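Q: Have a peek at run16.pdb (PDB, C-alpha atoms).
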```
ATOM      1  CA  MET A   1     100.420  65.928  73.642  1.00  0.00           C
ATOM      2  CA  SER A   2      99.689  64.075  76.911  1.00  0.00           C
ATOM      3  CA  ALA A   3      99.210  65.781  80.269  1.00  0.00           C
ATOM      4  CA  ALA A   4     102.206  63.836  81.649  1.00  0.00           C
ATOM      5  CA  HIS A   5     104.397  65.178  78.854  1.00  0.00           C
ATOM      6  CA  ASP A   6     103.144  68.725  79.533  1.00  0.00           C
ATOM      7  CA  LEU A   7     104.038  68.401  83.233  1.00  0.00           C
ATOM      8  CA  SER A   8     107.456  66.937  82.431  1.00  0.00           C
ATOM      9  CA  LEU A   9     108.172  69.815  80.059  1.00  0.00           C
ATOM     10  CA  LEU A  10     107.053  72.380  82.642  1.00  0.00           C
ATOM     11  CA  ARG A  11     109.205  70.733  85.305  1.00  0.00           C
ATOM     12  CA  ALA A  12     112.248  70.675  83.000  1.00  0.00           C
ATOM     13  CA  ARG A  13     111.878  74.394  82.334  1.00  0.00           C
ATOM     14  CA  LEU A  14     111.531  75.147  86.055  1.00  0.00           C
ATOM     15  CA  GLU A  15     114.610  73.040  86.854  1.00  0.00           C
ATOM     16  CA  GLN A  16     116.544  74.839  84.135  1.00  0.00           C
ATOM     17  CA  ARG A  17     115.611  78.194  85.647  1.00  0.00           C
ATOM     18  CA  PHE A  18     115.729  77.425  89.365  1.00  0.00           C
ATOM     19  CA  GLY A  19     118.135  74.480  89.565  1.00  0.00           C
ATOM     20  CA  ALA A  20     118.384  72.647  92.884  1.00  0.00           C
ATOM     21  CA  ALA A  21     115.591  74.743  94.392  1.00  0.00           C
ATOM     22  CA  ILE A  22     113.100  72.383  92.713  1.00  0.00           C
ATOM     23  CA  VAL A  23     112.296  69.476  95.057  1.00  0.00           C
ATOM     24  CA  PRO A  24     112.099  65.898  93.720  1.00  0.00           C
ATOM     25  CA  ALA A  25     109.045  64.946  91.687  1.00  0.00           C
ATOM     26  CA  PRO A  26     106.313  62.736  93.199  1.00  0.00           C
ATOM     27  CA  GLY A  27     107.461  59.149  93.557  1.00  0.00           C
ATOM     28  CA  GLN A  28     111.104  60.128  94.015  1.00  0.00           C
ATOM     29  CA  ALA A  29     112.967  60.489  97.295  1.00  0.00           C
ATOM     30  CA  PRO A  30     111.846  63.737  98.999  1.00  0.00           C
ATOM     31  CA  SER A  31     114.288  66.278 100.353  1.00  0.00           C
ATOM     32  CA  ARG A  32     115.123  66.352 104.048  1.00  0.00           C
ATOM     33  CA  GLU A  33     112.304  67.499 106.298  1.00  0.00           C
ATOM     34  CA  GLN A  34     112.098  71.252 106.695  1.00  0.00           C
ATOM     35  CA  PRO A  35     110.173  73.408 109.189  1.00  0.00           C
ATOM     36  CA  GLY A  36     106.731  74.779 108.420  1.00  0.00           C
ATOM     37  CA  PHE A  37     105.716  78.385 107.779  1.00  0.00           C
ATOM     38  CA  ARG A  38     104.723  80.803 110.527  1.00  0.00           C
ATOM     39  CA  THR A  39     102.359  83.733 110.056  1.00  0.00           C
ATOM     40  CA  GLY A  40     104.012  86.325 112.292  1.00  0.00           C
ATOM     41  CA  VAL A  41     100.734  86.709 114.241  1.00  0.00           C
ATOM     42  CA  ALA A  42     101.806  85.781 117.774  1.00  0.00           C
ATOM     43  CA  ALA A  43      98.531  84.320 119.039  1.00  0.00           C
ATOM     44  CA  LEU A  44      98.024  82.309 115.860  1.00  0.00           C
ATOM     45  CA  ASP A  45     101.596  81.016 115.841  1.00  0.00           C
ATOM     46  CA  ALA A  46     101.123  79.963 119.484  1.00  0.00           C
ATOM     47  CA  LEU A  47      98.494  77.482 118.252  1.00  0.00           C
ATOM     48  CA  LEU A  48     100.882  76.374 115.475  1.00  0.00           C
ATOM     49  CA  PRO A  49     104.308  76.302 117.139  1.00  0.00           C
ATOM     50  CA  GLY A  50     105.790  74.517 114.140  1.00  0.00           C
ATOM     51  CA  GLY A  51     104.011  76.744 111.660  1.00  0.00           C
ATOM     52  CA  VAL A  52     101.787  75.513 108.826  1.00  0.00           C
ATOM     53  CA  PRO A  53     103.511  72.148 108.342  1.00  0.00           C
ATOM     54  CA  ARG A  54     105.097  70.776 105.209  1.00  0.00           C
ATOM     55  CA  ARG A  55     104.031  67.368 103.903  1.00  0.00           C
ATOM     56  CA  ALA A  56     100.567  67.951 105.330  1.00  0.00           C
ATOM     57  CA  LEU A  57      97.118  69.284 104.468  1.00  0.00           C
ATOM     58  CA  THR A  58      96.013  72.161 106.701  1.00  0.00           C
ATOM     59  CA  VAL A  59      92.456  73.529 106.667  1.00  0.00           C
ATOM     60  CA  TRP A  60      91.413  77.030 107.726  1.00  0.00           C
ATOM     61  CA  ALA A  61      87.637  77.436 107.793  1.00  0.00           C
ATOM     62  CA  GLY A  62      85.339  80.235 108.898  1.00  0.00           C
ATOM     63  CA  GLU A  63      82.769  82.834 108.014  1.00  0.00           C
ATOM     64  CA  GLY A  64      83.596  85.996 106.087  1.00  0.00           C
ATOM     65  CA  THR A  65      85.330  88.873 107.924  1.00  0.00           C
ATOM     66  CA  ALA A  66      86.473  86.488 110.663  1.00  0.00           C
ATOM     67  CA  GLY A  67      90.120  87.193 109.822  1.00  0.00           C
ATOM     68  CA  ARG A  68      90.837  84.145 107.682  1.00  0.00           C
ATOM     69  CA  THR A  69      91.992  86.147 104.637  1.00  0.00           C
ATOM     70  CA  ALA A  70      94.104  88.476 106.781  1.00  0.00           C
ATOM     71  CA  ALA A  71      95.818  85.475 108.364  1.00  0.00           C
ATOM     72  CA  MET A  72      96.298  83.877 104.958  1.00  0.00           C
ATOM     73  CA  ARG A  73      97.898  87.046 103.635  1.00  0.00           C
ATOM     74  CA  ALA A  74     100.268  87.173 106.624  1.00  0.00           C
ATOM     75  CA  LEU A  75     101.232  83.548 105.982  1.00  0.00           C
ATOM     76  CA  VAL A  76     101.887  84.160 102.284  1.00  0.00           C
ATOM     77  CA  GLU A  77     103.945  87.286 103.006  1.00  0.00           C
ATOM     78  CA  SER A  78     106.065  85.366 105.501  1.00  0.00           C
ATOM     79  CA  ALA A  79     106.527  82.289 103.288  1.00  0.00           C
ATOM     80  CA  CYS A  80     107.520  84.393 100.262  1.00  0.00           C
ATOM     81  CA  ARG A  81     110.700  85.375 102.122  1.00  0.00           C
ATOM     82  CA  GLU A  82     111.806  81.736 102.059  1.00  0.00           C
ATOM     83  CA  VAL A  83     110.190  79.902  99.129  1.00  0.00           C
ATOM     84  CA  ARG A  84     108.009  80.309  96.077  1.00  0.00           C
ATOM     85  CA  VAL A  85     104.297  80.279  96.880  1.00  0.00           C
ATOM     86  CA  ALA A  86     101.371  79.241  94.673  1.00  0.00           C
ATOM     87  CA  LEU A  87      98.039  80.878  95.545  1.00  0.00           C
ATOM     88  CA  VAL A  88      94.977  79.341  93.878  1.00  0.00           C
ATOM     89  CA  ASP A  89      92.172  81.931  93.894  1.00  0.00           C
ATOM     90  CA  ALA A  90      89.404  79.479  92.986  1.00  0.00           C
ATOM     91  CA  THR A  91      86.533  81.976  93.274  1.00  0.00           C
ATOM     92  CA  GLY A  92      88.388  84.883  91.664  1.00  0.00           C
ATOM     93  CA  THR A  93      87.604  87.165  94.607  1.00  0.00           C
ATOM     94  CA  LEU A  94      91.075  88.087  95.888  1.00  0.00           C
ATOM     95  CA  ASP A  95      92.063  91.638  94.959  1.00  0.00           C
ATOM     96  CA  PRO A  96      95.316  91.356  92.933  1.00  0.00           C
ATOM     97  CA  ALA A  97      96.585  94.762  94.096  1.00  0.00           C
ATOM     98  CA  SER A  98      96.648  93.589  97.715  1.00  0.00           C
ATOM     99  CA  TRP A  99      99.028  90.754  96.873  1.00  0.00           C
ATOM    100  CA  CYS A 100     101.599  92.758  94.917  1.00  0.00           C
ATOM    101  CA  GLY A 101     104.975  93.784  96.260  1.00  0.00           C
ATOM    102  CA  PRO A 102     105.685  97.063  98.091  1.00  0.00           C
ATOM    103  CA  ASP A 103     106.311  98.809  94.756  1.00  0.00           C
ATOM    104  CA  GLY A 104     102.933  97.713  93.401  1.00  0.00           C
ATOM    105  CA  ARG A 105     104.450  95.195  90.992  1.00  0.00           C
ATOM    106  CA  SER A 106     104.024  91.448  90.817  1.00  0.00           C
ATOM    107  CA  ARG A 107     106.555  89.309  92.677  1.00  0.00           C
ATOM    108  CA  PRO A 108     108.423  86.390  91.083  1.00  0.00           C
ATOM    109  CA  GLU A 109     108.151  84.369  94.300  1.00  0.00           C
ATOM    110  CA  LEU A 110     104.318  84.479  94.272  1.00  0.00           C
ATOM    111  CA  TRP A 111     102.317  82.769  91.541  1.00  0.00           C
ATOM    112  CA  VAL A 112      98.539  83.331  91.507  1.00  0.00           C
ATOM    113  CA  ALA A 113      96.309  80.989  89.498  1.00  0.00           C
ATOM    114  CA  ARG A 114      92.586  81.292  88.813  1.00  0.00           C
ATOM    115  CA  PRO A 115      89.994  79.189  86.991  1.00  0.00           C
ATOM    116  CA  PRO A 116      88.470  81.054  84.022  1.00  0.00           C
ATOM    117  CA  SER A 117      85.400  82.140  86.046  1.00  0.00           C
ATOM    118  CA  ALA A 118      83.694  81.751  89.417  1.00  0.00           C
ATOM    119  CA  GLN A 119      81.488  79.062  87.853  1.00  0.00           C
ATOM    120  CA  HIS A 120      84.620  76.909  87.664  1.00  0.00           C
ATOM    121  CA  ALA A 121      85.500  77.327  91.351  1.00  0.00           C
ATOM    122  CA  GLN A 122      85.344  73.573  91.933  1.00  0.00           C
ATOM    123  CA  GLU A 123      88.302  73.241  89.559  1.00  0.00           C
ATOM    124  CA  GLY A 124      90.494  74.895  92.190  1.00  0.00           C
ATOM    125  CA  ALA A 125      91.497  71.469  93.530  1.00  0.00           C
ATOM    126  CA  TRP A 126      92.723  70.466  90.062  1.00  0.00           C
ATOM    127  CA  VAL A 127      94.741  73.704  89.795  1.00  0.00           C
ATOM    128  CA  ALA A 128      96.283  73.097  93.233  1.00  0.00           C
ATOM    129  CA  GLU A 129      97.144  69.539  92.182  1.00  0.00           C
ATOM    130  CA  THR A 130      98.896  70.848  89.065  1.00  0.00           C
ATOM    131  CA  MET A 131     100.941  73.279  91.174  1.00  0.00           C
ATOM    132  CA  LEU A 132     101.898  70.528  93.619  1.00  0.00           C
ATOM    133  CA  ARG A 133     103.001  68.179  90.835  1.00  0.00           C
ATOM    134  CA  THR A 134     105.591  70.675  89.587  1.00  0.00           C
ATOM    135  CA  GLY A 135     107.474  70.475  92.888  1.00  0.00           C
ATOM    136  CA  ALA A 136     108.377  74.153  92.448  1.00  0.00           C
ATOM    137  CA  PHE A 137     106.559  75.588  95.461  1.00  0.00           C
ATOM    138  CA  GLY A 138     107.194  75.345  99.183  1.00  0.00           C
ATOM    139  CA  LEU A 139     103.639  76.461  99.982  1.00  0.00           C
ATOM    140  CA  VAL A 140     100.454  75.934  97.952  1.00  0.00           C
ATOM    141  CA  VAL A 141      97.294  77.740  99.108  1.00  0.00           C
ATOM    142  CA  LEU A 142      93.834  76.838  97.793  1.00  0.00           C
ATOM    143  CA  ASP A 143      91.350  79.603  98.607  1.00  0.00           C
ATOM    144  CA  GLY A 144      87.795  78.603  97.751  1.00  0.00           C
ATOM    145  CA  PRO A 145      85.450  75.621  98.080  1.00  0.00           C
ATOM    146  CA  ALA A 146      86.888  72.698  99.998  1.00  0.00           C
ATOM    147  CA  PRO A 147      87.812  69.812  97.678  1.00  0.00           C
ATOM    148  CA  ALA A 148      85.946  66.520  97.755  1.00  0.00           C
ATOM    149  CA  SER A 149      87.345  63.838 100.052  1.00  0.00           C
ATOM    150  CA  THR A 150      88.932  61.879  97.197  1.00  0.00           C
ATOM    151  CA  ASP A 151      90.617  65.038  95.874  1.00  0.00           C
ATOM    152  CA  ALA A 152      91.794  65.946  99.381  1.00  0.00           C
ATOM    153  CA  HIS A 153      93.363  62.509  99.791  1.00  0.00           C
ATOM    154  CA  ARG A 154      95.250  62.898  96.509  1.00  0.00           C
ATOM    155  CA  LEU A 155      96.387  66.452  97.377  1.00  0.00           C
ATOM    156  CA  ARG A 156      97.657  65.324 100.787  1.00  0.00           C
ATOM    157  CA  ALA A 157      99.653  62.509  99.195  1.00  0.00           C
ATOM    158  CA  LEU A 158     101.241  64.948  96.728  1.00  0.00           C
ATOM    159  CA  ALA A 159     102.099  67.391  99.524  1.00  0.00           C
ATOM    160  CA  ARG A 160     103.918  64.603 101.365  1.00  0.00           C
ATOM    161  CA  GLU A 161     105.799  63.448  98.282  1.00  0.00           C
ATOM    162  CA  THR A 162     106.934  66.956  97.293  1.00  0.00           C
ATOM    163  CA  ASP A 163     107.729  68.275 100.813  1.00  0.00           C
ATOM    164  CA  THR A 164     105.115  71.017 100.350  1.00  0.00           C
ATOM    165  CA  ALA A 165     102.882  72.793 102.854  1.00  0.00           C
ATOM    166  CA  LEU A 166      99.297  72.690 101.537  1.00  0.00           C
ATOM    167  CA  LEU A 167      96.668  75.042 102.963  1.00  0.00           C
ATOM    168  CA  VAL A 168      92.965  74.918 102.091  1.00  0.00           C
ATOM    169  CA  SER A 169      91.226  78.140 103.160  1.00  0.00           C
ATOM    170  CA  THR A 170      87.453  77.882 102.844  1.00  0.00           C
ATOM    171  CA  GLY A 171      84.371  79.781 103.954  1.00  0.00           C
ATOM    172  CA  GLY A 172      81.690  78.270 106.127  1.00  0.00           C
ATOM    173  CA  PRO A 173      82.000  75.082 108.189  1.00  0.00           C
ATOM    174  CA  PRO A 174      85.083  72.900 107.878  1.00  0.00           C
ATOM    175  CA  PRO A 175      84.928  69.925 105.487  1.00  0.00           C
ATOM    176  CA  GLN A 176      83.871  66.535 106.820  1.00  0.00           C
ATOM    177  CA  TRP A 177      87.087  64.772 105.870  1.00  0.00           C
ATOM    178  CA  LYS A 178      89.960  64.757 108.343  1.00  0.00           C
ATOM    179  CA  ALA A 179      92.788  67.243 107.857  1.00  0.00           C
ATOM    180  CA  ASP A 180      96.267  67.025 109.358  1.00  0.00           C
ATOM    181  CA  VAL A 181      95.655  70.412 111.015  1.00  0.00           C
ATOM    182  CA  ARG A 182      92.348  72.296 111.204  1.00  0.00           C
ATOM    183  CA  LEU A 183      91.749  75.849 112.412  1.00  0.00           C
ATOM    184  CA  GLU A 184      88.303  77.408 112.693  1.00  0.00           C
ATOM    185  CA  PHE A 185      87.918  81.203 112.524  1.00  0.00           C
ATOM    186  CA  ARG A 186      84.938  83.121 113.933  1.00  0.00           C
ATOM    187  CA  ARG A 187      84.107  86.721 114.786  1.00  0.00           C
ATOM    188  CA  THR A 188      83.792  87.606 118.452  1.00  0.00           C
ATOM    189  CA  GLY A 189      82.135  90.373 120.418  1.00  0.00           C
ATOM    190  CA  GLY A 190      85.064  90.623 122.772  1.00  0.00           C
ATOM    191  CA  GLY A 191      87.899  93.085 122.448  1.00  0.00           C
ATOM    192  CA  ARG A 192      87.604  96.427 120.752  1.00  0.00           C
ATOM    193  CA  ALA A 193      87.341  96.948 117.038  1.00  0.00           C
ATOM    194  CA  GLY A 194      88.569 100.157 115.513  1.00  0.00           C
ATOM    195  CA  LEU A 195      91.142 101.882 113.362  1.00  0.00           C
ATOM    196  CA  GLY A 196      94.747 100.876 113.804  1.00  0.00           C
ATOM    197  CA  ALA A 197      98.029 102.175 112.419  1.00  0.00           C
ATOM    198  CA  GLY A 198      97.844 103.294 108.808  1.00  0.00           C
ATOM    199  CA  GLY A 199      94.064 103.537 108.859  1.00  0.00           C
ATOM    200  CA  ARG A 200      93.666  99.762 108.911  1.00  0.00           C
ATOM    201  CA  PHE A 201      90.624  98.342 110.686  1.00  0.00           C
ATOM    202  CA  LEU A 202      91.263  95.899 113.518  1.00  0.00           C
ATOM    203  CA  ARG A 203      88.642  93.247 114.224  1.00  0.00           C
ATOM    204  CA  PRO A 204      88.802  90.789 117.150  1.00  0.00           C
ATOM    205  CA  SER A 205      88.546  87.155 116.111  1.00  0.00           C
ATOM    206  CA  ALA A 206      88.713  83.771 117.771  1.00  0.00           C
ATOM    207  CA  ILE A 207      90.729  80.936 116.273  1.00  0.00           C
ATOM    208  CA  ARG A 208      90.193  77.402 117.499  1.00  0.00           C
ATOM    209  CA  MET A 209      92.354  74.400 116.768  1.00  0.00           C
ATOM    210  CA  ALA A 210      90.413  71.145 116.716  1.00  0.00           C
ATOM    211  CA  ARG A 211      91.393  68.843 119.570  1.00  0.00           C
ATOM    212  CA  GLY A 212      93.734  66.082 118.566  1.00  0.00           C
ATOM    213  CA  GLU A 213      94.763  67.780 115.296  1.00  0.00           C
ATOM    214  CA  GLY A 214      97.713  69.810 116.534  1.00  0.00           C
ATOM    215  CA  ALA A 215     100.298  70.195 119.226  1.00  0.00           C
ATOM    216  CA  ARG A 216      98.296  72.800 121.130  1.00  0.00           C
ATOM    217  CA  ALA A 217      94.569  72.287 120.737  1.00  0.00           C
ATOM    218  CA  GLY A 218      92.462  75.064 122.178  1.00  0.00           C
ATOM    219  CA  GLU A 219      91.152  78.525 121.349  1.00  0.00           C
ATOM    220  CA  ARG A 220      92.787  81.954 121.341  1.00  0.00           C
ATOM    221  CA  GLU A 221      91.513  85.481 120.893  1.00  0.00           C
ATOM    222  CA  VAL A 222      93.371  87.202 118.060  1.00  0.00           C
ATOM    223  CA  GLU A 223      93.251  90.774 116.793  1.00  0.00           C
ATOM    224  CA  LEU A 224      93.642  90.714 113.029  1.00  0.00           C
ATOM    225  CA  VAL A 225      93.745  93.478 110.449  1.00  0.00           C
ATOM    226  CA  HIS A 226      90.589  93.519 108.364  1.00  0.00           C
ATOM    227  CA  GLU A 227      91.219  95.095 104.968  1.00  0.00           C
ATOM    228  CA  PRO A 228      88.159  95.036 102.694  1.00  0.00           C
ATOM    229  CA  SER A 229      90.373  95.561  99.636  1.00  0.00           C
ATOM    230  CA  ASN A 230      91.734  92.032 100.111  1.00  0.00           C
ATOM    231  CA  ARG A 231      88.665  90.680  98.359  1.00  0.00           C
ATOM    232  CA  LEU A 232      86.587  91.571  95.352  1.00  0.00           C
ATOM    233  CA  HIS A 233      82.843  91.074  95.096  1.00  0.00           C
ATOM    234  CA  PRO A 234      82.313  87.708  93.366  1.00  0.00           C
ATOM    235  CA  ASP A 235      79.532  89.074  91.163  1.00  0.00           C
ATOM    236  CA  PRO A 236      79.683  92.818  90.416  1.00  0.00           C
ATOM    237  CA  GLY A 237      76.324  92.664  88.593  1.00  0.00           C
ATOM    238  CA  PRO A 238      75.349  94.871  85.656  1.00  0.00           C
ATOM    239  CA  ASP A 239      77.317  98.035  84.935  1.00  0.00           C
ATOM    240  CA  ARG A 240      75.099 100.873  86.146  1.00  0.00           C
ATOM    241  CA  ARG A 241      77.516 103.702  85.421  1.00  0.00           C
ATOM    242  CA  PRO A 242      76.005 106.527  83.350  1.00  0.00           C
ATOM    243  CA  ARG A 243      76.903 106.376  79.682  1.00  0.00           C
ATOM    244  CA  ALA A 244      77.606 109.362  77.454  1.00  0.00           C
ATOM    245  CA  ARG A 245      74.977 110.054  74.818  1.00  0.00           C
ATOM    246  CA  GLY A 246      75.493 110.986  71.214  1.00  0.00           C
TER     247      GLY A 246
END
```
Translate this file's structure into structure tokens.

A:
Amino acid sequence: MSAAHDLSLLRARLEQRFGAAIVPAPGQAPSREQPGFRTGVAALDALLPGGVPRRALTVWAGEGTAGRTAAMRALVESACREVRVALVDATGTLDPASWCGPDGRSRPELWVARPPSAQHAQEGAWVAETMLRTGAFGLVVLDGPAPASTDAHRLRALARETDTALLVSTGGPPPQWKADVRLEFRRTGGGRAGLGAGGRFLRPSAIRMARGEGARAGEREVELVHEPSNRLHPDPGPDRRPRARG
């Protein structure tokens, strides 16, 4: 069975279940332009007045504990109120419990996909491409290594054809290829870190939008909630728990 046939069968099943909510397939006329997705974090949304845009490839880059995952979670929570969201956890380090609904159960509007192991993290771009080709999601998030430039070009084209907002969230420096929108996260010494409401830890961060890649280029100080349970350790190592004898 060919890959094209598999995708056509998957799309037919999604259309049967969700009807007109499924946007046209790539190569067909896209639906009318719709607004992007906001995070609900005031300072961050001030840099992105139109939200994370549809029909575009947005990159969020930055070191660990700089608030990137917290911002990504806020974006996903907000978008799930409007559309179905696909989250590609390429490194397998996002804690599933943190992405469940208020009752601790999985949510039908959020689909999480992972490669079989962290050694297959580079396959995250292929997983994101598969999600985009279904046309079933308003927002697709790829969390993990940035795709190669050729893959990024193909993903951007699919996002435009399917009226989808595509976000690549990656650690370290931003990729060399040009994104439609690029935000860079970094920790700062300014502000005051400490416990907030509900025992959550607040950490000051700075978010910079690259000049010429958005409506409001510049940098803003943002206070984001840092929740260590959002991520799992990528390599737990050997099990050192004591074992019962006999």

Q: Carefully work through the PyMOL selection byres ((chain A and resi 112) around 9) for this structure and note down the residues it includes, as a list in words.

A: Val85, Ala86, Leu87, Val88, Asp89, Pro96, Leu110, Trp111, Ala113 and Arg114 of chain A

Q: Based on the selection just made, write C-alpha atoms of those residues as a compact mmCIF listing (two decimals), keeping the file's coordinate frame.

A:
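Listing of selection-v5.txt after writing:
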```
# COMPACT_ATOMS: atom_id res chain seq x y z
CA VAL A 85 104.30 80.28 96.88
CA ALA A 86 101.37 79.24 94.67
CA LEU A 87 98.04 80.88 95.54
CA VAL A 88 94.98 79.34 93.88
CA ASP A 89 92.17 81.93 93.89
CA PRO A 96 95.32 91.36 92.93
CA LEU A 110 104.32 84.48 94.27
CA TRP A 111 102.32 82.77 91.54
CA ALA A 113 96.31 80.99 89.50
CA ARG A 114 92.59 81.29 88.81
```

Q: Pull the closest atom pair for each residue of stretch 39-114 of chain A that gets at most 12 Å from stretch 146-155 of chain A, along with the distance in Å to one decimal, counting all atoms listed in the file, ordering rows by chain and then ascending residue number, as JSON lines.

A:
```
{"residue": "A:Arg55", "atom": "CA", "partner": "A:Leu155", "partner_atom": "CA", "distance": 10.1}
{"residue": "A:Ala56", "atom": "CA", "partner": "A:Leu155", "partner_atom": "CA", "distance": 9.1}
{"residue": "A:Leu57", "atom": "CA", "partner": "A:Leu155", "partner_atom": "CA", "distance": 7.7}
{"residue": "A:Thr58", "atom": "CA", "partner": "A:Ala152", "partner_atom": "CA", "distance": 10.5}
{"residue": "A:Val59", "atom": "CA", "partner": "A:Ala146", "partner_atom": "CA", "distance": 8.7}
{"residue": "A:Trp60", "atom": "CA", "partner": "A:Ala146", "partner_atom": "CA", "distance": 9.9}
{"residue": "A:Ala61", "atom": "CA", "partner": "A:Ala146", "partner_atom": "CA", "distance": 9.2}
{"residue": "A:Gly62", "atom": "CA", "partner": "A:Ala146", "partner_atom": "CA", "distance": 11.8}
{"residue": "A:Ala90", "atom": "CA", "partner": "A:Ala146", "partner_atom": "CA", "distance": 10.1}
{"residue": "A:Thr91", "atom": "CA", "partner": "A:Ala146", "partner_atom": "CA", "distance": 11.5}
```

Q: Looking at all atoms listed in the file, which of A:Arg81, A:Arg38, A:Arg54, A:Arg68 is the one that sits closest to A:Phe185?

A: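 For A:Phe185, the nearest of the candidates is A:Arg68.
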
Q: Out of A:Gln34, A:Ser169, A:Thr164, A:Ser8, which residue has the shortest atom-to-atom distance to A:Leu183 when counting only C-alpha atoms?

A: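 Closest to A:Leu183 of all the choices is A:Ser169.
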
Q: With distances taken over all atoms listed in the file, which residue among A:Arg208, A:Arg186, A:Lys178, A:Arg107 lies nearest A:Leu48?

A: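 Looking only at the distances to A:Leu48, the closest residue turns out to be A:Arg208.
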
Q: Closest to A:Ser117 among A:Arg160, A:Gly92, A:Val52, A:Leu44, using all atoms listed in the file?

A: A:Gly92

Q: Quick one: pull the distance between atom CA of A:Arg182 and atom CA of A:Ala79, Å, one decimal.

A: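 We find that atom CA of A:Arg182 and atom CA of A:Ala79 lie 19.1 Å from each other.
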
Q: Can you list, as a PyMOL selection string, the residues that the PyMOL selection byres ((chain A and resi 39) around 7) selects here?

A: chain A and resi 37-38+40-41+45+71+74-75+78
